[in-house]
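File shown: structure-v2.csv (CSV, C-alpha atoms and all ligand atoms).
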```
chain,number,residue,atom,x,y,z
E,1,MET,CA,78.3,96.3,105.5
E,2,SER,CA,79.1,95.4,109.1
E,3,GLU,CA,80.0,98.1,111.6
E,4,HIS,CA,83.1,96.0,112.6
E,5,LYS,CA,84.5,95.9,109.0
E,6,ALA,CA,84.1,99.6,108.5
E,7,LYS,CA,86.4,100.1,111.4
E,8,GLN,CA,89.0,97.6,110.4
E,9,ILE,CA,92.1,98.7,108.5
E,10,GLY,CA,92.8,96.9,105.2
E,11,VAL,CA,96.4,96.0,104.5
E,12,LEU,CA,97.2,95.6,100.8
E,13,VAL,CA,100.2,93.3,100.6
E,14,MET,CA,101.7,93.7,97.1
E,15,SER,CA,104.2,91.4,95.4
E,16,TYR,CA,105.6,90.8,91.9
E,17,GLY,CA,103.4,87.7,91.1
E,18,THR,CA,104.2,84.6,89.2
E,19,PRO,CA,102.3,82.4,86.7
E,20,GLU,CA,99.9,79.8,88.0
E,21,SER,CA,101.0,77.1,85.5
E,22,MET,CA,103.3,76.7,82.4
E,23,ASP,CA,100.2,77.6,80.2
E,24,ASP,CA,100.0,80.9,82.0
E,25,VAL,CA,103.6,82.0,81.3
E,26,GLU,CA,102.8,83.7,78.0
E,27,ALA,CA,100.1,85.9,79.5
E,28,TYR,CA,102.3,86.7,82.5
E,29,TYR,CA,105.2,87.7,80.2
E,30,THR,CA,102.9,89.8,78.0
E,31,HIS,CA,101.7,91.6,81.2
E,32,ILE,CA,105.3,92.3,82.2
E,33,ARG,CA,105.9,93.7,78.7
E,34,ARG,CA,103.0,96.1,79.1
E,35,GLY,CA,100.8,94.2,76.7
E,36,ASN,CA,103.4,93.3,74.1
E,37,ALA,CA,103.5,89.5,73.6
E,38,PRO,CA,107.1,88.1,73.7
E,39,THR,CA,108.6,86.5,70.6
E,40,PRO,CA,108.5,82.7,70.5
E,41,GLU,CA,112.2,82.7,71.3
E,42,LEU,CA,111.8,84.8,74.4
E,43,LEU,CA,108.8,82.8,75.6
E,44,ALA,CA,110.7,79.5,75.1
E,45,GLU,CA,113.7,80.9,77.0
E,46,LEU,CA,111.5,82.0,79.9
E,47,LYS,CA,109.7,78.6,80.0
E,48,GLY,CA,113.0,76.9,80.0
E,49,ARG,CA,114.1,78.9,83.1
E,50,TYR,CA,110.9,77.9,84.9
E,51,GLU,CA,111.4,74.2,83.9
E,52,ALA,CA,114.9,74.4,85.2
E,53,ILE,CA,113.9,75.4,88.7
E,54,VAL,CA,112.7,72.1,89.9
E,55,GLY,CA,110.6,71.2,86.9
E,56,GLY,CA,108.4,74.2,86.3
E,57,VAL,CA,107.2,75.0,89.7
E,58,PHE,CA,106.4,78.6,90.7
E,59,PRO,CA,107.6,79.0,94.3
E,60,LEU,CA,106.9,82.7,94.5
E,61,ARG,CA,103.1,82.0,94.7
E,62,GLU,CA,103.4,79.8,97.8
E,63,ASN,CA,106.0,82.2,99.4
E,64,THR,CA,103.8,85.3,98.8
E,65,ASN,CA,100.8,83.4,100.3
E,66,GLY,CA,102.9,82.5,103.3
E,67,GLN,CA,104.1,86.0,103.8
E,68,VAL,CA,100.6,87.5,103.6
E,69,ALA,CA,99.4,84.9,106.2
E,70,GLY,CA,102.5,85.5,108.4
E,71,LEU,CA,101.9,89.3,108.3
E,72,GLN,CA,98.2,88.8,109.2
E,73,ASP,CA,99.3,86.6,112.2
E,74,LYS,CA,101.8,89.1,113.4
E,75,LEU,CA,99.4,92.1,113.1
E,76,GLU,CA,96.8,90.1,115.0
E,77,GLN,CA,99.3,89.6,117.8
E,78,LEU,CA,100.3,93.3,117.9
E,79,ALA,CA,96.8,94.8,117.4
E,80,PRO,CA,94.1,92.2,117.8
E,81,GLY,CA,91.1,92.6,115.4
E,82,GLN,CA,92.4,95.8,113.9
E,83,PHE,CA,93.9,94.8,110.5
E,84,VAL,CA,92.8,92.5,107.7
E,85,CYS,CA,95.3,91.6,104.9
E,86,TYR,CA,94.6,91.4,101.2
E,87,GLN,CA,96.9,90.4,98.4
E,88,GLY,CA,97.6,92.4,95.2
E,89,LEU,CA,100.1,91.2,92.6
E,90,LYS,CA,101.8,93.3,90.0
E,91,HIS,CA,101.8,90.9,87.1
E,92,ALA,CA,99.4,88.0,88.0
E,93,LYS,CA,96.0,87.4,89.6
E,94,PRO,CA,94.9,88.6,92.1
E,95,TYR,CA,96.1,91.9,90.6
E,96,ILE,CA,96.7,95.0,92.7
E,97,GLU,CA,93.4,96.4,91.5
E,98,ASP,CA,91.6,93.1,92.5
E,99,GLY,CA,93.0,93.4,96.0
E,100,VAL,CA,91.7,96.9,96.4
E,101,GLU,CA,88.3,95.9,95.0
E,102,GLN,CA,88.1,93.1,97.5
E,103,MET,CA,88.7,95.5,100.3
E,104,ALA,CA,86.0,97.8,99.0
E,105,LYS,CA,83.6,94.9,98.8
E,106,ALA,CA,84.3,94.0,102.4
E,107,GLY,CA,83.4,97.6,103.4
E,108,ILE,CA,87.0,98.7,104.2
E,109,LYS,CA,87.3,102.5,104.2
E,110,GLN,CA,90.9,102.9,105.3
E,111,ALA,CA,94.0,100.9,104.2
E,112,VAL,CA,97.7,100.7,104.3
E,113,GLY,CA,99.7,99.4,101.3
E,114,ILE,CA,103.1,97.6,101.6
E,115,VAL,CA,105.2,95.9,99.0
E,116,LEU,CA,107.2,92.7,99.5
E,117,ALA,CA,110.4,94.5,98.4
E,118,PRO,CA,112.4,96.6,100.9
E,119,HIS,CA,113.9,99.3,98.5
E,120,PHE,CA,112.0,102.1,96.8
E,121,SER,CA,112.3,102.8,93.1
E,122,THR,CA,109.9,104.8,91.0
E,123,MET,CA,109.9,101.8,88.6
E,124,SER,CA,109.2,99.1,91.3
E,125,VAL,CA,107.5,100.1,94.5
E,126,GLY,CA,106.5,103.5,93.1
E,127,SER,CA,104.5,101.8,90.3
E,128,TYR,CA,102.8,99.4,92.7
E,129,ILE,CA,101.7,102.4,94.9
E,130,LYS,CA,100.4,104.3,91.9
E,131,ARG,CA,98.2,101.5,90.8
E,132,ALA,CA,96.8,100.8,94.3
E,133,GLN,CA,96.3,104.6,94.9
E,134,ASP,CA,94.4,105.1,91.6
E,135,LYS,CA,92.1,102.1,92.3
E,136,ALA,CA,91.6,103.1,96.0
E,137,ALA,CA,90.6,106.6,95.0
E,138,GLU,CA,88.0,105.2,92.6
E,139,GLN,CA,86.6,102.9,95.3
E,140,GLY,CA,86.5,105.6,98.0
E,141,ILE,CA,89.2,104.0,100.2
E,142,GLU,CA,91.7,106.2,102.0
E,143,MET,CA,95.1,104.7,101.6
E,144,THR,CA,98.5,105.3,103.0
E,145,PHE,CA,101.7,103.4,102.0
E,146,VAL,CA,105.0,102.1,103.4
E,147,LYS,CA,107.5,103.3,100.8
E,148,GLN,CA,110.6,101.5,102.0
E,149,TYR,CA,111.9,99.5,105.0
E,150,HIS,CA,115.4,98.8,103.9
E,151,LEU,CA,117.0,99.9,107.2
E,152,HIS,CA,114.5,98.4,109.6
E,153,PRO,CA,116.6,96.9,112.4
E,154,LYS,CA,114.8,93.6,112.3
E,155,LEU,CA,115.2,93.2,108.6
E,156,LEU,CA,118.9,94.0,109.0
E,157,LYS,CA,119.2,91.5,111.9
E,158,ALA,CA,117.6,88.7,109.8
E,159,LEU,CA,119.9,89.4,106.8
E,160,THR,CA,123.0,89.7,109.0
E,161,GLU,CA,122.2,86.3,110.6
E,162,ARG,CA,121.9,84.9,107.1
E,163,VAL,CA,125.3,86.4,106.0
E,164,GLU,CA,127.0,85.0,109.1
E,165,ASP,CA,125.4,81.6,108.4
E,166,GLY,CA,126.4,81.7,104.7
E,167,LEU,CA,130.0,82.6,105.7
E,168,ARG,CA,130.2,79.5,107.9
E,169,ARG,CA,128.8,77.3,105.1
E,170,LEU,CA,131.2,78.9,102.6
E,171,SER,CA,134.1,78.2,104.9
E,172,ASP,CA,133.1,74.5,105.1
E,173,SER,CA,132.5,74.2,101.3
E,174,SER,CA,135.6,76.0,100.2
E,175,GLY,CA,137.9,74.3,102.8
E,176,GLY,CA,138.5,77.5,104.9
E,177,GLU,CA,139.5,79.6,101.9
E,178,GLU,CA,140.8,83.0,103.0
E,179,ARG,CA,140.0,85.2,99.9
E,180,VAL,CA,136.3,85.4,100.5
E,181,LYS,CA,134.1,88.1,99.0
E,182,VAL,CA,130.6,88.9,100.0
E,183,LEU,CA,128.5,90.1,97.0
E,184,PHE,CA,125.3,91.9,97.8
E,185,SER,CA,122.9,92.0,94.8
E,186,ALA,CA,119.6,93.2,93.6
E,187,HIS,CA,117.4,93.3,90.5
E,188,SER,CA,118.9,95.7,88.0
E,189,LEU,CA,116.8,98.5,86.5
E,190,PRO,CA,117.2,100.6,83.4
E,191,VAL,CA,119.9,103.2,83.8
E,192,LYS,CA,117.3,106.0,83.1
E,193,ILE,CA,116.2,105.7,86.7
E,194,ARG,CA,119.2,107.9,87.5
E,195,GLU,CA,117.7,110.8,85.6
E,196,VAL,CA,114.8,111.1,88.1
E,197,GLY,CA,117.1,111.0,91.2
E,198,ASP,CA,115.7,107.6,92.1
E,199,PRO,CA,116.8,106.4,95.6
E,200,TYR,CA,117.0,102.7,94.7
E,201,GLU,CA,120.8,102.4,94.3
E,202,GLN,CA,121.5,104.5,97.4
E,203,GLN,CA,119.1,102.4,99.5
E,204,LEU,CA,120.6,99.1,98.3
E,205,LEU,CA,124.1,100.4,99.2
E,206,GLU,CA,122.8,101.5,102.7
E,207,THR,CA,121.3,98.0,103.4
E,208,SER,CA,124.5,96.3,102.2
E,209,ALA,CA,126.8,98.6,104.2
E,210,ALA,CA,124.7,98.1,107.4
E,211,ILE,CA,124.8,94.3,107.1
E,212,ALA,CA,128.5,94.3,106.3
E,213,GLU,CA,129.2,96.3,109.4
E,214,ALA,CA,127.0,94.2,111.7
E,215,ALA,CA,128.5,90.9,110.3
E,216,ASN,CA,132.0,92.4,110.5
E,217,VAL,CA,132.5,91.7,106.8
E,218,LYS,CA,135.4,93.8,105.4
E,219,ASP,CA,135.6,92.5,101.9
E,220,TRP,CA,132.3,93.1,100.1
E,221,GLN,CA,130.9,94.8,97.1
E,222,PHE,CA,127.5,95.4,95.4
E,223,THR,CA,126.6,94.0,92.0
E,224,TRP,CA,123.4,93.8,89.9
E,225,GLN,CA,121.6,90.8,88.6
E,226,SER,CA,118.6,89.7,86.4
E,227,ALA,CA,118.6,92.7,84.0
E,228,GLY,CA,115.7,92.6,81.7
E,229,ARG,CA,115.9,91.5,78.0
E,230,THR,CA,115.2,94.9,76.5
E,231,ARG,CA,117.3,97.3,74.4
E,232,ASP,CA,117.6,99.9,77.2
E,233,PRO,CA,120.9,100.0,79.0
E,234,TRP,CA,120.6,98.5,82.5
E,235,LEU,CA,122.5,99.2,85.7
E,236,GLY,CA,125.7,97.2,85.9
E,237,PRO,CA,128.0,95.5,86.4
E,238,ASP,CA,125.9,92.3,86.3
E,239,ILE,CA,127.0,89.4,88.6
E,240,LEU,CA,128.0,87.5,85.5
E,241,GLU,CA,130.5,90.3,84.7
E,242,THR,CA,131.6,90.7,88.3
E,243,LEU,CA,132.6,87.1,88.9
E,244,PRO,CA,135.4,86.9,86.3
E,245,VAL,CA,136.8,90.2,87.6
E,246,LEU,CA,136.9,88.7,91.1
E,247,ALA,CA,138.5,85.5,89.8
E,248,GLU,CA,141.1,87.6,88.1
E,249,GLU,CA,141.8,89.4,91.4
E,250,GLY,CA,142.4,86.0,93.1
E,251,VAL,CA,139.1,85.7,95.0
E,252,LYS,CA,138.3,82.0,95.5
E,253,ALA,CA,135.1,82.0,97.4
E,254,VAL,CA,132.0,84.1,97.0
E,255,LEU,CA,128.9,84.5,99.2
E,256,VAL,CA,126.0,86.1,97.3
E,257,ALA,CA,123.5,88.0,99.4
E,258,PRO,CA,120.5,89.1,97.2
E,259,VAL,CA,119.2,91.7,99.6
E,260,GLY,CA,116.9,93.2,97.0
E,261,PHE,CA,114.7,90.1,97.2
E,262,VAL,CA,112.7,88.5,100.0
E,263,SER,CA,111.6,85.1,98.6
E,264,ASP,CA,112.8,82.1,96.8
E,265,HIS,CA,111.8,82.7,93.2
E,266,LEU,CA,113.0,82.6,89.6
E,267,GLU,CA,115.6,85.4,89.9
E,268,VAL,CA,117.3,83.7,92.8
E,269,LEU,CA,116.7,80.0,92.0
E,270,TYR,CA,117.7,80.4,88.3
E,271,ASP,CA,119.8,83.5,87.9
E,272,LEU,CA,122.0,82.8,91.0
E,273,ASP,CA,121.6,79.1,91.9
E,274,ILE,CA,122.0,77.9,88.3
E,275,GLU,CA,123.5,80.6,86.1
E,276,ALA,CA,125.9,82.3,88.5
E,277,GLN,CA,126.7,79.0,90.2
E,278,ALA,CA,127.7,77.5,86.8
E,279,ALA,CA,129.8,80.6,86.0
E,280,SER,CA,131.7,80.4,89.3
E,281,LYS,CA,132.4,76.7,88.7
E,282,GLU,CA,133.9,77.6,85.3
E,283,LEU,CA,136.1,80.1,87.1
E,284,ASP,CA,137.1,77.6,89.7
E,285,MET,CA,135.5,79.6,92.5
E,286,THR,CA,133.1,78.3,95.3
E,287,LEU,CA,129.8,80.2,95.4
E,288,GLU,CA,127.2,80.0,98.2
E,289,ARG,CA,124.0,82.1,98.6
E,290,ILE,CA,122.4,83.3,101.8
E,291,ALA,CA,118.9,81.7,102.6
E,292,MET,CA,116.0,83.9,101.5
E,293,LEU,CA,113.7,85.5,104.1
E,294,ASN,CA,110.4,83.9,103.0
E,295,ARG,CA,108.4,83.7,106.2
E,296,ASP,CA,111.2,84.6,108.7
E,297,PRO,CA,109.6,85.9,111.9
E,298,LEU,CA,111.9,88.9,111.9
E,299,TYR,CA,110.8,89.8,108.4
E,300,MET,CA,107.1,89.4,109.5
E,301,GLU,CA,107.8,91.8,112.4
E,302,THR,CA,109.5,94.2,110.0
E,303,LEU,CA,106.4,94.3,107.8
E,304,ALA,CA,103.9,94.5,110.7
E,305,GLU,CA,105.8,97.3,112.5
E,306,SER,CA,106.2,99.2,109.2
E,307,VAL,CA,102.4,99.0,108.6
E,308,ILE,CA,101.5,100.2,112.1
E,309,GLU,CA,104.1,103.0,111.8
E,310,ALA,CA,102.7,104.2,108.5
E,311,LEU,CA,99.2,104.3,110.0
E,312,ASP,CA,100.4,106.2,113.1
E,313,ASN,CA,102.3,108.7,111.0
E,314,ARG,CA,99.2,109.4,109.0
E,315,LYS,CA,97.2,110.1,112.1
E,316,GLU,CA,99.7,112.7,113.4
E,401,LIG,O1,109.5,83.8,90.3
E,401,LIG,C1,108.8,84.4,89.5
E,401,LIG,O2,108.0,83.9,88.8
E,401,LIG,C2,109.0,85.9,89.3
E,401,LIG,C3,110.4,86.3,89.6
E,401,LIG,C4,110.6,87.8,89.4
E,401,LIG,C5,110.8,88.8,90.4
E,401,LIG,C6,111.1,90.0,89.8
E,401,LIG,C7,111.3,91.2,90.6
E,401,LIG,C8,111.6,92.4,90.0
E,401,LIG,N1,111.6,92.7,88.7
E,401,LIG,C9,111.9,94.0,88.6
E,401,LIG,C10,112.0,94.7,87.4
E,401,LIG,C11,111.8,94.2,86.1
E,401,LIG,C12,111.8,95.0,84.9
E,401,LIG,C13,111.6,94.1,83.9
E,401,LIG,C14,111.5,92.8,84.4
E,401,LIG,C15,111.2,91.6,83.7
E,401,LIG,C16,111.0,90.4,84.3
E,401,LIG,C17,110.8,89.2,83.5
E,401,LIG,C18,110.6,88.1,84.4
E,401,LIG,C19,110.7,88.7,85.8
E,401,LIG,N2,111.0,90.1,85.6
E,401,LIG,FE1,111.2,91.4,87.1
E,401,LIG,N3,111.1,89.9,88.5
E,401,LIG,C20,110.8,88.6,88.2
E,401,LIG,C21,110.6,88.0,86.9
E,401,LIG,N4,111.6,92.9,85.8
E,401,LIG,C22,110.3,86.7,84.2
E,401,LIG,C23,110.6,89.1,82.0
E,401,LIG,C24,111.8,88.3,81.4
E,401,LIG,C25,113.1,88.9,81.7
E,401,LIG,O3,113.4,90.0,81.3
E,401,LIG,O4,113.8,88.2,82.5
E,401,LIG,C26,111.6,94.5,82.4
E,401,LIG,C27,110.2,94.7,81.9
E,401,LIG,C28,110.2,95.2,80.5
E,401,LIG,O5,110.3,94.4,79.6
E,401,LIG,O6,110.1,96.4,80.3
E,401,LIG,C29,112.0,96.5,84.8
E,401,LIG,C30,112.2,94.6,89.9
E,401,LIG,C31,112.1,93.6,90.8
E,401,LIG,C32,112.3,93.6,92.3
E,401,LIG,C33,111.2,94.4,93.1
E,401,LIG,C34,109.9,93.7,93.0
E,401,LIG,O7,109.8,92.5,93.5
E,401,LIG,O8,109.0,94.3,92.6
E,401,LIG,C35,112.7,96.0,90.2
E,401,LIG,C36,110.7,88.5,91.9
```

Translate this structure into structure tokens?
Ligand code: FEC
Amino acid sequence: MSEHKAKQIGVLVMSYGTPESMDDVEAYYTHIRRGNAPTPELLAELKGRYEAIVGGVFPLRENTNGQVAGLQDKLEQLAPGQFVCYQGLKHAKPYIEDGVEQMAKAGIKQAVGIVLAPHFSTMSVGSYIKRAQDKAAEQGIEMTFVKQYHLHPKLLKALTERVEDGLRRLSDSSGGEERVKVLFSAHSLPVKIREVGDPYEQQLLETSAAIAEAANVKDWQFTWQSAGRTRDPWLGPDILETLPVLAEEGVKAVLVAPVGFVSDHLEVLYDLDIEAQAASKELDMTLERIAMLNRDPLYMETLAESVIEALDNRKE
């Protein structure tokens, strides 16, 4: 092991993961379902959704790769030679454990973990952290984690700019319609997260309120999306329930801001751009969506500063 590597800090950048090809969808879905293979109907339905987003491409892979590279560049600017990024995915290769193992093989002794999702839930970020922590302990790596960054000023700035831009587009596409509603959204989770005092809902509302204030948006609300296909009750209302209520209230134009997500992927490109878009057309409403962050420089700075801060806090 080189002396240099032993002093470098590993950064485990964790993301949801996506299949590598259509043949991979079954294994991916089985992993999401904790080893239970989906029924043929569920599998066909999921493959259909991937087919619908530009013919079965998996944009999340390229976007995650870009974000990891972008974070590495930004860290290099802020602290030359100090950090080296590794990727660890929740439901696809390279898995979180693979990323930790790669760090160990490279001789890394100290690492910071960060998830490409700004809000903490025991069921989301908490479970990424647990897997990374367990593997790091086994490999003798000392790890610290960024748990959330939902109020980082640069994240809020990037999202506020997108809301302002979305409102301009909406004004053009709806012919200057006055009854405009901004709908902030995020991935739903099972209602049982409330039993453990999970901060997820509160953090999402805080992000939404901060952006609304900065963009001077008076008429907004939060709604859920993309609930899983399980028997558990999920947090609601879902966007597909919210849209008809808004139409009933006379809202004619909606800007969706999926602040719980940071990339273009299935839950945005299908659930919003295809499904919610079709629902709004049925209701005679205009719907626009804010652009996703992907490799936005302000998002890269948010991640880099959060990593450095987590490391500094640990040293104190
Ligand atoms: O583009 C892609 O290929 C992947 C898009 C994708 C993202 C994503 C993010 C989150 N999920 C979260 C929670 C759950 C829970 C279940 C669940 C199920 C699915 C299924 C697909 C899927 N999720 Fe996902 N999620 C993405 C895709 N998710 C596909 C399976 C089919 C379906 O139900 O639609 C339910 C698991 C179970 O069966 O018990 C819970 C959360 C996030 C946002 C935070 C994060 O990125 O980690 C929370 C992107």

Distance filter 7 Å around ligand LIG 401 (chain E), atoms: only C-alpha atoms and all ligand atoms, out as a compact mmCIF listing (two decimals) with C-alpha atoms, in the frame of the given file:
```
# COMPACT_ATOMS: atom_id res chain seq x y z
CA SER E 15 104.20 91.40 95.40
CA TYR E 16 105.60 90.80 91.90
CA GLY E 17 103.40 87.70 91.10
CA THR E 18 104.20 84.60 89.20
CA PRO E 19 102.30 82.40 86.70
CA TYR E 29 105.20 87.70 80.20
CA ILE E 32 105.30 92.30 82.20
CA ARG E 33 105.90 93.70 78.70
CA LEU E 46 111.50 82.00 79.90
CA PHE E 58 106.40 78.60 90.70
CA PRO E 59 107.60 79.00 94.30
CA LEU E 60 106.90 82.70 94.50
CA LEU E 116 107.20 92.70 99.50
CA ALA E 117 110.40 94.50 98.40
CA MET E 123 109.90 101.80 88.60
CA SER E 124 109.20 99.10 91.30
CA VAL E 125 107.50 100.10 94.50
CA HIS E 187 117.40 93.30 90.50
CA SER E 188 118.90 95.70 88.00
CA LEU E 189 116.80 98.50 86.50
CA PRO E 190 117.20 100.60 83.40
CA SER E 226 118.60 89.70 86.40
CA ALA E 227 118.60 92.70 84.00
CA GLY E 228 115.70 92.60 81.70
CA ARG E 229 115.90 91.50 78.00
CA THR E 230 115.20 94.90 76.50
CA GLY E 260 116.90 93.20 97.00
CA PHE E 261 114.70 90.10 97.20
CA HIS E 265 111.80 82.70 93.20
CA LEU E 266 113.00 82.60 89.60
CA GLU E 267 115.60 85.40 89.90
```

| message | Neighbouring residues of Leu255 (chain E) were defined as those with any atom within 9 Å, considering all atoms listed in the file; residues of the same chain fewer than 3 positions away were excluded. Please report them as an MDAnalysis selection string. | response | chainID E and resid 163 166:167 170 180:184 286:290

Per residue of region 135-174 of chain E within 9 Å of region 191-206 of chain E, record the nearest atom pair and its distance in Å to one decimal, counting all atoms listed in the file, with rows in chain order and ascending residue number, as JSON lines.
```
{"residue": "E:Gln148", "atom": "CA", "partner": "E:Gln203", "partner_atom": "CA", "distance": 8.9}
{"residue": "E:His150", "atom": "CA", "partner": "E:Gln203", "partner_atom": "CA", "distance": 6.8}
{"residue": "E:Leu151", "atom": "CA", "partner": "E:Glu206", "partner_atom": "CA", "distance": 7.5}
```

| task | Take CA of Arg231 (chain E) and CA of Ser21 (chain E) and report the distance between them in Å, one decimal. | result | 28.2 Å

| said: What's around Glu101 (chain E) at 12 Å? Count only C-alpha atoms, leave out sequence neighbours fewer than 4 positions away in its own chain, and write the answer as a PyMOL selection string. | reply: chain E and resi 10+12+86-88+94-97+105-109+111+132-141

| said: Would you pick out the contacts of Val262 (chain E) at 6 Å or less, using all atoms listed in the file, so that residues sharing its chain but fewer than 4 positions from it are not included, and give the list as a ChimeraX atom specification? | reply: /E:292-294

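Between Val100 (chain E) and the residues E:Gly70, E:Gly113, E:Pro237, E:Pro297, the shortest atom-to-atom distance, using only C-alpha atoms, involves E:Gly113.
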
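Shortest separation to Met14 (chain E) among E:Glu26, E:Asp98, E:Glu164, E:Glu41 occurs at residue E:Asp98, atoms counted being only C-alpha atoms.
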
| task | For CA of His91 (chain E) and CA of Ile53 (chain E), quote the distance in Å rounded to one decimal. | result | 19.7 Å

Write out as a compact mmCIF listing (two decimals) with C-alpha atoms, in the frame of the given file each polymer residue whose atoms come within 10 Å of region 156-160 of chain E, counting all atoms listed in the file; drop sequence neighbours fewer than 4 positions from it.
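Result file is part-v1.txt:
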```
# COMPACT_ATOMS: atom_id res chain seq x y z
CA TYR E 149 111.90 99.50 105.00
CA HIS E 150 115.40 98.80 103.90
CA LEU E 151 117.00 99.90 107.20
CA HIS E 152 114.50 98.40 109.60
CA GLU E 164 127.00 85.00 109.10
CA ASP E 165 125.40 81.60 108.40
CA GLY E 166 126.40 81.70 104.70
CA THR E 207 121.30 98.00 103.40
CA SER E 208 124.50 96.30 102.20
CA ALA E 210 124.70 98.10 107.40
CA ILE E 211 124.80 94.30 107.10
CA ALA E 212 128.50 94.30 106.30
CA GLU E 213 129.20 96.30 109.40
CA ALA E 214 127.00 94.20 111.70
CA ALA E 215 128.50 90.90 110.30
CA ASN E 216 132.00 92.40 110.50
CA VAL E 217 132.50 91.70 106.80
CA ALA E 257 123.50 88.00 99.40
CA PRO E 258 120.50 89.10 97.20
CA VAL E 259 119.20 91.70 99.60
CA VAL E 262 112.70 88.50 100.00
CA ILE E 290 122.40 83.30 101.80
CA ALA E 291 118.90 81.70 102.60
CA MET E 292 116.00 83.90 101.50
CA LEU E 293 113.70 85.50 104.10
CA ASP E 296 111.20 84.60 108.70
CA PRO E 297 109.60 85.90 111.90
CA LEU E 298 111.90 88.90 111.90
CA TYR E 299 110.80 89.80 108.40
CA THR E 302 109.50 94.20 110.00
```

| query | What does the distance between CA of Glu20 (chain E) and CA of Asp271 (chain E) come to in Å, to one decimal place? | reply | 20.2 Å

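Closest approach to Val146 (chain E) among E:Val11, E:Ala279, E:Val268, E:Ala27: E:Val11, based on only C-alpha atoms.
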
| region 307-313 of chain E: which residues within 12 Å, counting only C-alpha atoms, same-chain residues fewer than 5 positions away excluded, as a PyMOL selection string? | chain E and resi 9-13+71-72+74-76+78-79+82-85+110-115+142-149+152+300-302

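For the set E:Asp238, E:Lys7, E:Val25, E:Gly55, the residue with the smallest atom-to-atom gap to Pro40 (chain E) is E:Val25, counting all atoms listed in the file.
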
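The nearest approach to Lys281 (chain E) among the residues E:Arg169, E:Lys90, E:Lys218, E:Lys252, with all atoms listed in the file taken into account, belongs to E:Lys252.
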
From the structure just shown, export region 52-86 of chain E with C-alpha atoms as a compact mmCIF listing (two decimals), in the first residue's frame.
```
# COMPACT_ATOMS: atom_id res chain seq x y z
CA ALA E 52 -41.51 4.09 -22.31
CA ILE E 53 -38.67 6.34 -21.19
CA VAL E 54 -36.94 6.74 -24.52
CA GLY E 55 -36.98 3.07 -25.50
CA GLY E 56 -35.52 1.33 -22.46
CA VAL E 57 -32.55 3.47 -21.57
CA PHE E 58 -31.33 3.78 -17.99
CA PRO E 59 -30.37 7.44 -17.57
CA LEU E 60 -29.70 7.13 -13.84
CA ARG E 61 -26.45 5.21 -14.49
CA GLU E 62 -24.91 7.93 -16.64
CA ASN E 63 -26.18 10.65 -14.32
CA THR E 64 -24.74 8.98 -11.22
CA ASN E 65 -21.40 8.46 -13.02
CA GLY E 66 -21.42 12.16 -13.95
CA GLN E 67 -22.21 13.24 -10.40
CA VAL E 68 -19.42 11.11 -8.93
CA ALA E 69 -16.94 12.56 -11.47
CA GLY E 70 -18.25 16.08 -10.84
CA LEU E 71 -17.83 15.69 -7.08
CA GLN E 72 -14.29 14.36 -7.55
CA ASP E 73 -13.43 17.45 -9.66
CA LYS E 74 -14.92 19.83 -7.12
CA LEU E 75 -13.11 18.17 -4.18
CA GLU E 76 -9.89 18.32 -6.17
CA GLN E 77 -10.36 22.08 -6.55
CA LEU E 78 -11.15 22.60 -2.87
CA ALA E 79 -8.58 20.20 -1.36
CA PRO E 80 -6.10 19.03 -4.02
CA GLY E 81 -4.97 15.42 -3.62
CA GLN E 82 -6.93 14.83 -0.42
CA PHE E 83 -10.04 12.94 -1.53
CA VAL E 84 -10.74 10.01 -3.85
CA CYS E 85 -14.33 9.12 -4.76
CA TYR E 86 -15.81 5.63 -5.05
```
